[in-house]
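Student: Sharing a structure here in structure tokens format.
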Amino acid sequence: MYGVIIPNRFEDVIDPLVRSIYDKIPNKPPIVIIADGHERDYGFSKVVYDDKHFVFSRAINLGLDALEGMDVILLNDDCVVLEWNFFDFLHRYAYSNDNIGLLSPMIVGAVGNPVQWWYARERLWKTTDDFIEVKEPEPICFPCVYIKRKALDRAGRMNEHIAGYGFDDHDMCTRIRRSGFKTAVTQRLIIQHGDGSDAMADGRGKSWATSFMRRWEAGSAPVSEIADYLKRYAEKNKEKFVHPMMKPQR
């Protein structure tokens, strides 16, 4: 059994997603709204976000508590369901391979990893491919992912030390891989993220790791637990910057 976790703060952001769920999902699984600063449940279950500072990982962990023992679909509130019975099909594809612990559909719209990007499928995918496994140190970004409970039981919950958005997906993917499961993308399902525009074409679609590191350059560094991930990603992609956590210690 599985449920869906949707962190939400603004009604105008989530309304297209809610309409698409009612239009496209005939047999709705348990759906939990993590209500941040409001009281709406949109006809689903609701958990009140309990911290004045937004932390994506904290919101997801509240949902994991509410869906104890279940597999979960983590779903951003700015997504839109495009395909009939999408949640059930994502569940079926995840279980078509026992080794997969985390699975993403293709993303129509903005996403950091080109393997997930619908507009890059002709360049990166063969028509016969059901899955592409994403390996270290690349992340699967989290607009929409299916995570099996047995993978969560081994890897642990989301890392709440990682504030706001950014790099929480890297951290979880790495821990799931180290727990013996694969992280993968399927091209057989799609979901829209944001307005669905071709955001990669104008240069905004670089890896979330890159944007995360640049964002931290002007502020305090993230916790030391993730410094090695940042370093490995930078080395692989030969980024020309110095992250605060990569500076020599005096």
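Following the order of the structure tokens, chains are lettered A, B, ..., residues in each are numbered from 1, and ligands are numbered from 1.
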Give one line per residue of stretch 126-167 of chain A that approaches stretch 72-85 of chain A to at most 12 Å, naming the two atoms of the closest pair and their distance in Å to one decimal, counting only C-alpha atoms; sort by chain then ascending residue number and deliver it as a tab-separated table.

Tutor:
```
residue	atom	partner	partner_atom	distance
A:Cys141	CA	A:Leu74	CA	10.8
A:Phe142	CA	A:Leu74	CA	7.2
A:Pro143	CA	A:Asn76	CA	5.1
A:Cys144	CA	A:Leu75	CA	4.6
A:Val145	CA	A:Leu74	CA	5.4
A:Tyr146	CA	A:Ile73	CA	4.4
A:Ile147	CA	A:Val72	CA	5.4
A:Lys148	CA	A:Val72	CA	6.6
A:Arg149	CA	A:Val72	CA	7.2
A:Lys150	CA	A:Val72	CA	10.8
A:Ala151	CA	A:Val72	CA	10.7
A:Leu152	CA	A:Val72	CA	9.4
A:Arg157	CA	A:Val72	CA	11.9
A:Met158	CA	A:Leu74	CA	11.4
A:Tyr165	CA	A:Asn76	CA	11.2
```

Student: Would you kindly return, as a list in words, each protein, DNA or RNA residue with an atom no farther than 9 Å from any atom of A:Ala155, considering only C-alpha atoms and excluding same-chain residues fewer than 6 positions away?

Tutor: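 Residues meeting the cut-off are Met172, Thr174, Arg175, Ile176, Arg177, Arg178 and Ser179 of chain A.
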
Student: Include N, CA and C atoms and write out the residues we just selected as a PDB file, in the first residue's frame.

Tutor:
```pdb
ATOM      1  N   MET A 172      19.161  11.848   0.246  1.00  0.00           N
ATOM      2  CA  MET A 172      18.309  10.663   0.323  1.00  0.00           C
ATOM      3  C   MET A 172      18.678   9.634  -0.738  1.00  0.00           C
ATOM      4  N   THR A 174      21.588   9.092  -2.093  1.00  0.00           N
ATOM      5  CA  THR A 174      22.834   8.440  -1.717  1.00  0.00           C
ATOM      6  C   THR A 174      22.597   7.407  -0.625  1.00  0.00           C
ATOM      7  N   ARG A 175      21.799   7.748   0.371  1.00  0.00           N
ATOM      8  CA  ARG A 175      21.562   6.797   1.459  1.00  0.00           C
ATOM      9  C   ARG A 175      20.772   5.575   0.989  1.00  0.00           C
ATOM     10  N   ILE A 176      19.832   5.776   0.067  1.00  0.00           N
ATOM     11  CA  ILE A 176      19.094   4.636  -0.477  1.00  0.00           C
ATOM     12  C   ILE A 176      20.040   3.720  -1.260  1.00  0.00           C
ATOM     13  N   ARG A 177      20.933   4.308  -2.056  1.00  0.00           N
ATOM     14  CA  ARG A 177      21.903   3.497  -2.807  1.00  0.00           C
ATOM     15  C   ARG A 177      22.815   2.730  -1.862  1.00  0.00           C
ATOM     16  N   ARG A 178      23.287   3.390  -0.826  1.00  0.00           N
ATOM     17  CA  ARG A 178      24.169   2.723   0.134  1.00  0.00           C
ATOM     18  C   ARG A 178      23.447   1.650   0.931  1.00  0.00           C
ATOM     19  N   SER A 179      22.125   1.705   0.914  1.00  0.00           N
ATOM     20  CA  SER A 179      21.327   0.678   1.592  1.00  0.00           C
ATOM     21  C   SER A 179      21.051  -0.535   0.707  1.00  0.00           C
TER      22      SER A 179
END
```

Student: Step one, run DSSP on the backbone; step two, keep only residues of stretch 78-151 of chain A assigned to strand (DSSP E or B); then write them as a PyMOL selection string.

Tutor: chain A and resi 79-80+100-109+117+131-133+144-147

Student: Residues near A:Arg92, anyone? I mean within 12 Å using only C-alpha atoms, not counting same-chain ones fewer than 6 positions away, as a list in words.

Tutor: Met1, Tyr2, Asn85, Phe86, Asp98, Ile100, Leu103, Tyr146, Lys148, Thr186, Arg188 and Leu189 of chain A

Student: Using only C-alpha atoms, which residues sit within 6 Å of stretch 126-134 of chain A once same-chain residues fewer than 3 positions away are excluded, as a PDB file with C-alpha atoms, in the first residue's frame?

Tutor:
```pdb
ATOM      1  CA  THR A 183      17.427   4.820  -7.821  1.00  0.00           C
ATOM      2  CA  ALA A 184      15.928   5.045 -11.287  1.00  0.00           C
ATOM      3  CA  VAL A 185      13.813   7.001 -13.769  1.00  0.00           C
ATOM      4  CA  THR A 186      11.164   5.527 -16.050  1.00  0.00           C
TER       5      THR A 186
END
```

Student: Using DSSP on the backbone, list every residue of stretch 97-190 of chain A that comes out as alpha helix (DSSP H), and give them as JSON, numbers by chain.

Tutor: {"A": [121, 122, 123, 124, 149, 150, 151, 152, 153, 154, 155, 168, 169, 170, 171, 172, 173, 174, 175, 176, 177, 178]}

Student: Would you kindly return, as a ChimeraX atom specification, each protein, DNA or RNA residue with an atom no farther than 9 Å from any atom of A:Val47, considering only C-alpha atoms and excluding same-chain residues fewer than 5 positions away?

Tutor: /A:32-36,41,62-63,66

Student: What would the file look like if the residues just selected were written as a compact mmCIF listing (two decimals), in the first residue's frame with C-alpha atoms?

Tutor:
```txt
# COMPACT_ATOMS: atom_id res chain seq x y z
CA VAL A 32 -1.64 13.88 3.07
CA ILE A 33 -1.35 17.64 2.74
CA ILE A 34 1.37 19.14 4.94
CA ALA A 35 -0.40 22.43 5.66
CA ASP A 36 2.14 25.20 6.22
CA ASP A 41 -7.00 19.97 3.41
CA LEU A 62 5.67 14.63 9.04
CA GLY A 63 4.02 12.92 6.08
CA ALA A 66 1.18 10.04 9.01
```

Student: Just checking: using only C-alpha atoms, which residue out of A:Pro30, A:Pro137, A:Gly156, A:Gly37 ends up closest to A:Asp50?

Tutor: A:Gly37

Student: Atom CA of A:Phe181 and atom CA of A:Ala94, how far apart in Å?

Tutor: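 Atom-to-atom, atom CA of A:Ala94 and atom CA of A:Phe181 are spaced 11.7 Å apart.
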